[in-house]
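upload_36.cif (mmCIF, C-alpha atoms)
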```cif
data_start
#
loop_
_atom_site.group_PDB
_atom_site.id
_atom_site.type_symbol
_atom_site.label_atom_id
_atom_site.label_comp_id
_atom_site.auth_asym_id
_atom_site.auth_seq_id
_atom_site.Cartn_x
_atom_site.Cartn_y
_atom_site.Cartn_z
ATOM 1 C CA MET A 1 -49.328 34.549 -9.832
ATOM 2 C CA GLY A 2 -52.721 33.239 -10.885
ATOM 3 C CA GLN A 3 -55.634 33.732 -8.518
ATOM 4 C CA MET A 4 -55.999 30.056 -7.658
ATOM 5 C CA ALA A 5 -52.243 29.674 -7.168
ATOM 6 C CA GLN A 6 -52.310 32.611 -4.761
ATOM 7 C CA LYS A 7 -55.282 31.148 -2.941
ATOM 8 C CA ILE A 8 -53.753 27.701 -2.398
ATOM 9 C CA SER A 9 -50.150 28.794 -1.771
ATOM 10 C CA LYS A 10 -49.153 28.964 1.868
ATOM 11 C CA VAL A 11 -45.742 30.547 1.294
ATOM 12 C CA ASP A 12 -44.693 34.117 2.043
ATOM 13 C CA HIS A 13 -44.394 35.257 -1.565
ATOM 14 C CA LYS A 14 -41.904 38.052 -0.933
ATOM 15 C CA GLU A 15 -39.626 35.714 0.998
ATOM 16 C CA LEU A 16 -39.959 33.050 -1.712
ATOM 17 C CA LEU A 17 -39.222 35.493 -4.538
ATOM 18 C CA ASP A 18 -36.204 36.787 -2.619
ATOM 19 C CA ILE A 19 -34.732 33.297 -2.146
ATOM 20 C CA LEU A 20 -35.492 32.362 -5.747
ATOM 21 C CA ASN A 21 -33.574 35.438 -6.912
ATOM 22 C CA VAL A 22 -30.676 34.437 -4.667
ATOM 23 C CA ALA A 23 -30.672 30.992 -6.280
ATOM 24 C CA TYR A 24 -31.077 32.515 -9.745
ATOM 25 C CA SER A 25 -28.031 34.741 -9.192
ATOM 26 C CA GLU A 26 -26.044 31.793 -7.862
ATOM 27 C CA GLU A 27 -26.899 29.716 -10.931
ATOM 28 C CA TRP A 28 -25.527 32.370 -13.272
ATOM 29 C CA LEU A 29 -22.311 32.523 -11.260
ATOM 30 C CA ALA A 30 -22.092 28.711 -11.190
ATOM 31 C CA TYR A 31 -22.639 28.608 -14.954
ATOM 32 C CA TYR A 32 -19.765 30.993 -15.517
ATOM 33 C CA GLN A 33 -17.497 29.261 -12.998
ATOM 34 C CA TYR A 34 -17.911 25.948 -14.818
ATOM 35 C CA TRP A 35 -17.819 27.501 -18.294
ATOM 36 C CA VAL A 36 -14.639 29.494 -17.776
ATOM 37 C CA GLY A 37 -13.051 26.649 -15.778
ATOM 38 C CA ALA A 38 -13.534 24.319 -18.746
ATOM 39 C CA ARG A 39 -11.574 26.747 -20.896
ATOM 40 C CA VAL A 40 -8.624 27.428 -18.619
ATOM 41 C CA ALA A 41 -8.215 24.003 -16.955
ATOM 42 C CA ALA A 42 -4.688 22.597 -16.973
ATOM 43 C CA GLY A 43 -3.190 19.414 -15.614
ATOM 44 C CA PRO A 44 -3.931 15.702 -15.559
ATOM 45 C CA MET A 45 -7.341 14.545 -16.787
ATOM 46 C CA ARG A 46 -7.878 18.069 -18.153
ATOM 47 C CA GLU A 47 -9.928 16.954 -21.142
ATOM 48 C CA ALA A 48 -12.272 14.717 -19.142
ATOM 49 C CA ILE A 49 -12.731 17.271 -16.381
ATOM 50 C CA ALA A 50 -13.237 20.133 -18.847
ATOM 51 C CA ALA A 51 -15.926 18.074 -20.605
ATOM 52 C CA GLU A 52 -17.644 17.496 -17.247
ATOM 53 C CA PHE A 53 -17.426 21.218 -16.490
ATOM 54 C CA GLU A 54 -19.081 21.941 -19.867
ATOM 55 C CA LYS A 55 -21.924 19.544 -19.026
ATOM 56 C CA HIS A 56 -22.400 21.118 -15.603
ATOM 57 C CA ALA A 57 -22.321 24.630 -17.093
ATOM 58 C CA LYS A 58 -25.164 23.685 -19.426
ATOM 59 C CA GLU A 59 -27.189 22.321 -16.498
ATOM 60 C CA GLU A 60 -26.552 25.429 -14.372
ATOM 61 C CA LEU A 61 -27.820 27.582 -17.251
ATOM 62 C CA GLU A 62 -30.938 25.386 -17.441
ATOM 63 C CA HIS A 63 -31.433 25.901 -13.694
ATOM 64 C CA ALA A 64 -31.271 29.682 -14.168
ATOM 65 C CA GLU A 65 -33.885 29.385 -16.916
ATOM 66 C CA MET A 66 -36.227 27.313 -14.720
ATOM 67 C CA LEU A 67 -35.845 29.760 -11.848
ATOM 68 C CA SER A 68 -36.441 32.845 -13.976
ATOM 69 C CA THR A 69 -39.575 31.276 -15.421
ATOM 70 C CA ARG A 70 -40.875 30.468 -11.936
ATOM 71 C CA ILE A 71 -40.020 33.915 -10.592
ATOM 72 C CA ILE A 72 -42.050 35.476 -13.421
ATOM 73 C CA GLU A 73 -44.925 33.019 -12.868
ATOM 74 C CA LEU A 74 -44.994 34.105 -9.229
ATOM 75 C CA GLY A 75 -45.283 37.745 -10.269
ATOM 76 C CA GLY A 76 -41.686 38.673 -9.584
ATOM 77 C CA THR A 77 -38.784 39.873 -11.700
ATOM 78 C CA PRO A 78 -35.517 37.958 -11.991
ATOM 79 C CA VAL A 79 -32.379 39.914 -11.134
ATOM 80 C CA LEU A 80 -31.951 42.022 -14.269
ATOM 81 C CA ASP A 81 -28.397 43.298 -14.000
ATOM 82 C CA PRO A 82 -25.518 40.779 -14.021
ATOM 83 C CA LYS A 83 -23.576 43.154 -11.764
ATOM 84 C CA ASP A 84 -26.144 42.356 -9.060
ATOM 85 C CA TRP A 85 -25.602 38.574 -9.163
ATOM 86 C CA GLU A 86 -22.676 38.762 -6.748
ATOM 87 C CA LYS A 87 -24.669 41.057 -4.454
ATOM 88 C CA TYR A 88 -27.598 38.610 -4.178
ATOM 89 C CA ALA A 89 -25.682 35.329 -4.258
ATOM 90 C CA LYS A 90 -24.707 33.679 -0.993
ATOM 91 C CA CYS A 91 -22.789 30.946 -2.870
ATOM 92 C CA LYS A 92 -19.956 32.988 -4.283
ATOM 93 C CA TYR A 93 -18.096 32.827 -7.579
ATOM 94 C CA GLU A 94 -14.421 32.002 -7.246
ATOM 95 C CA ALA A 95 -12.275 33.117 -10.177
ATOM 96 C CA PRO A 96 -10.014 30.333 -11.500
ATOM 97 C CA THR A 97 -6.753 32.143 -10.773
ATOM 98 C CA ASP A 98 -5.116 28.726 -10.228
ATOM 99 C CA GLU A 99 -5.893 26.778 -13.405
ATOM 100 C CA TYR A 100 -4.834 23.382 -12.013
ATOM 101 C CA VAL A 101 -7.768 21.013 -12.523
ATOM 102 C CA MET A 102 -7.891 19.793 -8.944
ATOM 103 C CA THR A 103 -8.023 23.356 -7.636
ATOM 104 C CA LEU A 104 -10.941 23.995 -9.998
ATOM 105 C CA VAL A 105 -12.630 20.765 -8.888
ATOM 106 C CA ALA A 106 -12.270 21.810 -5.226
ATOM 107 C CA GLN A 107 -13.736 25.255 -5.972
ATOM 108 C CA ASN A 108 -16.682 23.726 -7.802
ATOM 109 C CA LEU A 109 -17.216 21.175 -5.041
ATOM 110 C CA GLU A 110 -17.504 23.978 -2.484
ATOM 111 C CA ALA A 111 -19.971 25.823 -4.728
ATOM 112 C CA GLU A 112 -22.052 22.661 -5.245
ATOM 113 C CA ARG A 113 -22.291 22.080 -1.510
ATOM 114 C CA CYS A 114 -23.553 25.622 -1.051
ATOM 115 C CA ALA A 115 -26.100 25.096 -3.851
ATOM 116 C CA ILE A 116 -27.293 21.872 -2.219
ATOM 117 C CA GLY A 117 -27.994 23.834 0.947
ATOM 118 C CA ARG A 118 -29.868 26.498 -1.027
ATOM 119 C CA TYR A 119 -32.168 24.019 -2.789
ATOM 120 C CA GLN A 120 -32.781 22.072 0.403
ATOM 121 C CA GLN A 121 -33.806 25.393 1.953
ATOM 122 C CA ILE A 122 -36.245 26.081 -0.910
ATOM 123 C CA CYS A 123 -37.619 22.536 -0.698
ATOM 124 C CA ASP A 124 -38.153 22.920 3.052
ATOM 125 C CA MET A 125 -39.849 26.286 2.512
ATOM 126 C CA THR A 126 -42.228 25.051 -0.193
ATOM 127 C CA PHE A 127 -42.947 21.434 0.795
ATOM 128 C CA GLY A 128 -46.693 21.035 1.095
ATOM 129 C CA LYS A 129 -47.158 24.751 0.414
ATOM 130 C CA ASP A 130 -46.153 25.409 -3.222
ATOM 131 C CA TYR A 131 -45.965 22.202 -5.221
ATOM 132 C CA GLN A 132 -44.632 23.716 -8.462
ATOM 133 C CA THR A 133 -41.750 25.576 -6.820
ATOM 134 C CA PHE A 134 -41.021 22.510 -4.684
ATOM 135 C CA LYS A 135 -40.886 20.325 -7.798
ATOM 136 C CA ILE A 136 -38.445 22.699 -9.529
ATOM 137 C CA ALA A 137 -36.234 22.987 -6.441
ATOM 138 C CA ALA A 138 -36.230 19.207 -5.900
ATOM 139 C CA HIS A 139 -35.215 18.647 -9.537
ATOM 140 C CA ILE A 140 -32.365 21.142 -9.282
ATOM 141 C CA LEU A 141 -31.334 19.687 -5.902
ATOM 142 C CA GLU A 142 -31.046 16.250 -7.486
ATOM 143 C CA GLU A 143 -28.748 17.600 -10.185
ATOM 144 C CA GLU A 144 -26.640 19.557 -7.679
ATOM 145 C CA LEU A 145 -26.199 16.372 -5.621
ATOM 146 C CA ASP A 146 -25.039 14.629 -8.795
ATOM 147 C CA HIS A 147 -22.581 17.471 -9.488
ATOM 148 C CA GLU A 148 -21.190 17.156 -5.965
ATOM 149 C CA GLN A 149 -20.665 13.430 -6.492
ATOM 150 C CA ASP A 150 -18.895 14.052 -9.803
ATOM 151 C CA MET A 151 -16.451 16.479 -8.146
ATOM 152 C CA GLU A 152 -15.852 14.084 -5.232
ATOM 153 C CA ASP A 153 -15.233 11.250 -7.718
ATOM 154 C CA TYR A 154 -12.564 13.298 -9.515
ATOM 155 C CA GLN A 155 -10.887 14.042 -6.199
ATOM 156 C CA GLN A 156 -10.932 10.360 -5.282
ATOM 157 C CA ASP A 157 -9.607 9.326 -8.715
ATOM 158 C CA MET A 158 -6.685 11.720 -8.398
ATOM 159 C CA GLU A 159 -5.943 10.532 -4.854
ATOM 160 C CA GLU A 160 -5.929 6.903 -6.029
ATOM 161 C CA ALA A 161 -3.655 7.764 -8.944
ATOM 162 C CA ARG A 162 -1.271 9.586 -6.591
ATOM 163 C CA LYS A 163 -1.168 6.563 -4.236
ATOM 164 C CA HIS A 164 -0.417 4.151 -7.072
ATOM 165 C CA MET A 165 2.318 6.364 -8.494
ATOM 166 C CA GLY A 166 4.091 6.157 -5.131
ATOM 167 C CA LYS A 167 4.270 2.346 -5.268
#
```
As structure tokens:
Amino acid sequence: MGQMAQKISKVDHKELLDILNVAYSEEWLAYYQYWVGARVAAGPMREAIAAEFEKHAKEELEHAEMLSTRIIELGGTPVLDPKDWEKYAKCKYEAPTDEYVMTLVAQNLEAERCAIGRYQQICDMTFGKDYQTFKIAAHILEEELDHEQDMEDYQQDMEEARKHMGK
């Protein structure tokens, strides 16, 4: 970290780098969960949901890139070995052993809710103390909230369709 950044930052840098590496690991797992889910998805609305998964995968990869850049700027090293992602991540990867789209949506919804908690935690930690990290975390938080809404919307759409089929 630059001298002035160190001087003005009021965050425990080790603690911040640790939590950023947790988030970084989680983003790689989220990327893969969406990416592989888009490929194996089966069931109603498969094409639309798979396309949404592809979009989310791209955004999760962008989040990992932003986090790795910030970790390096802060003088840290991003988790280097993909085998360690599961060790660091608190939001876990869930393999799509049930390829039904609504099962995949539910898995991704759970992961998004965990991610929302992670970025709120980083925002709380850095607010008024590390503007650049706060700005990155707030941006990612906004996108994770959008992802959560997308998954909830698919669940609601399927519930509405099921209700109307029963009429």
**OP:** Kindly indicate which residue among A:Gly117, A:Pro96, A:Gly37, A:Pro78 lies nearest to Ala138 (chain A), using only C-alpha atoms for the distances.
**Re:**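 Closest candidate: A:Gly117.
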Subject >> Spatial sel., origin (-46.3, 31.8, -6.9), limit 12 Å, all atoms listed in the file, listed as a ChimeraX atom specification >> reply: /A:1-17,20,67,69-76,126,129-134
**OP:** With the file shown as input, list the residues that the PyMOL selection byres ((chain A and resi 29-36) around 9) selects, as an MDAnalysis selection string.
**Re:** chainID A and resid 24:28 37:41 50 52:61 64 85:86 89 91:96 104 107:108 111:112
Subject >> Atomic separation - CA of Asp81 (chain A) relative to CA of Ser68 (chain A), Å >> reply: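 For CA of Ser68 (chain A) relative to CA of Asp81 (chain A), the distance reads 13.2 Å.
You will find CA of Ala161 (chain A) at 11.0 Å from CA of Met45 (chain A).
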**OP:** Quick one: apply the PyMOL selection byres ((chain A and resi 113) around 12) to the file and drop the selected residues here as a list in words.
**Re:** Ala30, Lys90, Cys91, Lys92, Ala106, Gln107, Asn108, Leu109, Glu110, Ala111, Glu112, Cys114, Ala115, Ile116, Gly117, Arg118, Tyr119, Gln120, Leu141, Glu143, Glu144, Leu145, Asp146, His147, Glu148, Gln149, Met151 and Glu152 of chain A
Original post:
At what distance in Å, to one decimal, does CA of Ile19 (chain A) lie from CA of Asp150 (chain A)?
Top reply: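 Straight-line distance from CA of Asp150 (chain A) to CA of Ile19 (chain A) works out to 26.1 Å.
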Original post:
Hey, what comes out of the PyMOL selection byres ((chain A and resi 42) around 7) on this file? Could you write it as a ChimeraX atom specification?
Top reply: /A:40-41,43,46,99-101
Enclose region 31-34 of chain A, meaning all of its atoms listed in the file, in a box aligned along x, y and z, pad it by 8 Å on each side, and list the centre and edge lengths in Å to one decimal, as lines of an AutoDock Vina configuration file.
```
center_x = -20.1
center_y = 28.5
center_z = -14.3
size_x = 21.1
size_y = 21.0
size_z = 18.5
```
**OP:** Return the single residue from A:Cys123, A:Val79, A:Val105, A:Ala137 that is closest to Val22 (chain A), with distances computed using only C-alpha atoms.
**Re:** A:Val79
Taking 6 positions as the minimum chain separation for residues in the same chain, which residues sit within 9 Å of Met102 (chain A) when counting all atoms listed in the file? Answer as an mmCIF file with C-alpha atoms, in the frame of the given file.
```cif
data_model
loop_
_atom_site.group_PDB
_atom_site.id
_atom_site.type_symbol
_atom_site.label_atom_id
_atom_site.label_comp_id
_atom_site.auth_asym_id
_atom_site.auth_seq_id
_atom_site.Cartn_x
_atom_site.Cartn_y
_atom_site.Cartn_z
ATOM 1 C CA GLY A 43 -3.190 19.414 -15.614
ATOM 2 C CA PRO A 44 -3.931 15.702 -15.559
ATOM 3 C CA TYR A 154 -12.564 13.298 -9.515
ATOM 4 C CA GLN A 155 -10.887 14.042 -6.199
ATOM 5 C CA MET A 158 -6.685 11.720 -8.398
#
```
At the level of N, CA, C and O atoms, write region 68-87 of chain A to a file as a PDB file, in the first residue's frame, please.
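Done, and the output landed in part_15.pdb:
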```
ATOM      1  N   SER A  68      -8.884  -9.066  -6.414  1.00  0.00           N
ATOM      2  CA  SER A  68      -7.459  -9.387  -6.512  1.00  0.00           C
ATOM      3  C   SER A  68      -6.632  -8.124  -6.719  1.00  0.00           C
ATOM      4  O   SER A  68      -5.563  -7.977  -6.127  1.00  0.00           O
ATOM      5  N   THR A  69      -7.143  -7.220  -7.541  1.00  0.00           N
ATOM      6  CA  THR A  69      -6.445  -5.951  -7.754  1.00  0.00           C
ATOM      7  C   THR A  69      -6.312  -5.193  -6.447  1.00  0.00           C
ATOM      8  O   THR A  69      -5.236  -4.685  -6.109  1.00  0.00           O
ATOM      9  N   ARG A  70      -7.386  -5.125  -5.674  1.00  0.00           N
ATOM     10  CA  ARG A  70      -7.343  -4.387  -4.402  1.00  0.00           C
ATOM     11  C   ARG A  70      -6.429  -5.066  -3.397  1.00  0.00           C
ATOM     12  O   ARG A  70      -5.689  -4.391  -2.663  1.00  0.00           O
ATOM     13  N   ILE A  71      -6.465  -6.380  -3.341  1.00  0.00           N
ATOM     14  CA  ILE A  71      -5.585  -7.110  -2.424  1.00  0.00           C
ATOM     15  C   ILE A  71      -4.126  -6.769  -2.727  1.00  0.00           C
ATOM     16  O   ILE A  71      -3.339  -6.484  -1.820  1.00  0.00           O
ATOM     17  N   ILE A  72      -3.775  -6.762  -4.003  1.00  0.00           N
ATOM     18  CA  ILE A  72      -2.398  -6.440  -4.414  1.00  0.00           C
ATOM     19  C   ILE A  72      -2.076  -4.987  -4.085  1.00  0.00           C
ATOM     20  O   ILE A  72      -0.992  -4.682  -3.568  1.00  0.00           O
ATOM     21  N   GLU A  73      -3.018  -4.074  -4.340  1.00  0.00           N
ATOM     22  CA  GLU A  73      -2.799  -2.662  -4.004  1.00  0.00           C
ATOM     23  C   GLU A  73      -2.533  -2.474  -2.515  1.00  0.00           C
ATOM     24  O   GLU A  73      -1.777  -1.582  -2.117  1.00  0.00           O
ATOM     25  N   LEU A  74      -3.157  -3.306  -1.702  1.00  0.00           N
ATOM     26  CA  LEU A  74      -2.995  -3.211  -0.250  1.00  0.00           C
ATOM     27  C   LEU A  74      -1.747  -3.936   0.248  1.00  0.00           C
ATOM     28  O   LEU A  74      -1.510  -4.009   1.452  1.00  0.00           O
ATOM     29  N   GLY A  75      -0.973  -4.490  -0.689  1.00  0.00           N
ATOM     30  CA  GLY A  75       0.264  -5.158  -0.315  1.00  0.00           C
ATOM     31  C   GLY A  75       0.117  -6.624  -0.001  1.00  0.00           C
ATOM     32  O   GLY A  75       1.048  -7.254   0.509  1.00  0.00           O
ATOM     33  N   GLY A  76      -1.046  -7.177  -0.293  1.00  0.00           N
ATOM     34  CA  GLY A  76      -1.282  -8.592  -0.032  1.00  0.00           C
ATOM     35  C   GLY A  76      -1.140  -9.438  -1.291  1.00  0.00           C
ATOM     36  O   GLY A  76      -0.787  -8.932  -2.357  1.00  0.00           O
ATOM     37  N   THR A  77      -1.431 -10.707  -1.140  1.00  0.00           N
ATOM     38  CA  THR A  77      -1.402 -11.662  -2.246  1.00  0.00           C
ATOM     39  C   THR A  77      -2.736 -12.384  -2.276  1.00  0.00           C
ATOM     40  O   THR A  77      -3.159 -12.948  -1.260  1.00  0.00           O
ATOM     41  N   PRO A  78      -3.406 -12.383  -3.434  1.00  0.00           N
ATOM     42  CA  PRO A  78      -4.652 -13.151  -3.529  1.00  0.00           C
ATOM     43  C   PRO A  78      -4.359 -14.645  -3.343  1.00  0.00           C
ATOM     44  O   PRO A  78      -3.236 -15.093  -3.608  1.00  0.00           O
ATOM     45  N   VAL A  79      -5.340 -15.372  -2.897  1.00  0.00           N
ATOM     46  CA  VAL A  79      -5.199 -16.827  -2.757  1.00  0.00           C
ATOM     47  C   VAL A  79      -4.706 -17.367  -4.097  1.00  0.00           C
ATOM     48  O   VAL A  79      -5.339 -17.139  -5.136  1.00  0.00           O
ATOM     49  N   LEU A  80      -3.574 -18.052  -4.078  1.00  0.00           N
ATOM     50  CA  LEU A  80      -2.909 -18.460  -5.315  1.00  0.00           C
ATOM     51  C   LEU A  80      -3.315 -19.838  -5.829  1.00  0.00           C
ATOM     52  O   LEU A  80      -3.230 -20.104  -7.023  1.00  0.00           O
ATOM     53  N   ASP A  81      -3.742 -20.700  -4.942  1.00  0.00           N
ATOM     54  CA  ASP A  81      -4.043 -22.073  -5.338  1.00  0.00           C
ATOM     55  C   ASP A  81      -5.552 -22.302  -5.295  1.00  0.00           C
ATOM     56  O   ASP A  81      -6.170 -22.177  -4.226  1.00  0.00           O
ATOM     57  N   PRO A  82      -6.162 -22.648  -6.429  1.00  0.00           N
ATOM     58  CA  PRO A  82      -7.612 -22.886  -6.446  1.00  0.00           C
ATOM     59  C   PRO A  82      -8.074 -23.925  -5.423  1.00  0.00           C
ATOM     60  O   PRO A  82      -9.203 -23.850  -4.947  1.00  0.00           O
ATOM     61  N   LYS A  83      -7.196 -24.840  -5.047  1.00  0.00           N
ATOM     62  CA  LYS A  83      -7.566 -25.835  -4.036  1.00  0.00           C
ATOM     63  C   LYS A  83      -7.855 -25.178  -2.688  1.00  0.00           C
ATOM     64  O   LYS A  83      -8.548 -25.740  -1.852  1.00  0.00           O
ATOM     65  N   ASP A  84      -7.308 -23.968  -2.487  1.00  0.00           N
ATOM     66  CA  ASP A  84      -7.501 -23.266  -1.217  1.00  0.00           C
ATOM     67  C   ASP A  84      -8.790 -22.454  -1.169  1.00  0.00           C
ATOM     68  O   ASP A  84      -9.166 -21.971  -0.107  1.00  0.00           O
ATOM     69  N   TRP A  85      -9.455 -22.259  -2.313  1.00  0.00           N
ATOM     70  CA  TRP A  85     -10.679 -21.451  -2.322  1.00  0.00           C
ATOM     71  C   TRP A  85     -11.716 -22.002  -1.355  1.00  0.00           C
ATOM     72  O   TRP A  85     -12.327 -21.246  -0.608  1.00  0.00           O
ATOM     73  N   GLU A  86     -11.918 -23.293  -1.355  1.00  0.00           N
ATOM     74  CA  GLU A  86     -12.916 -23.887  -0.453  1.00  0.00           C
ATOM     75  C   GLU A  86     -12.495 -23.744   1.003  1.00  0.00           C
ATOM     76  O   GLU A  86     -13.332 -23.620   1.873  1.00  0.00           O
ATOM     77  N   LYS A  87     -11.199 -23.762   1.254  1.00  0.00           N
ATOM     78  CA  LYS A  87     -10.691 -23.625   2.626  1.00  0.00           C
ATOM     79  C   LYS A  87     -10.981 -22.231   3.169  1.00  0.00           C
ATOM     80  O   LYS A  87     -11.385 -22.074   4.320  1.00  0.00           O
TER      81      LYS A  87
END
```
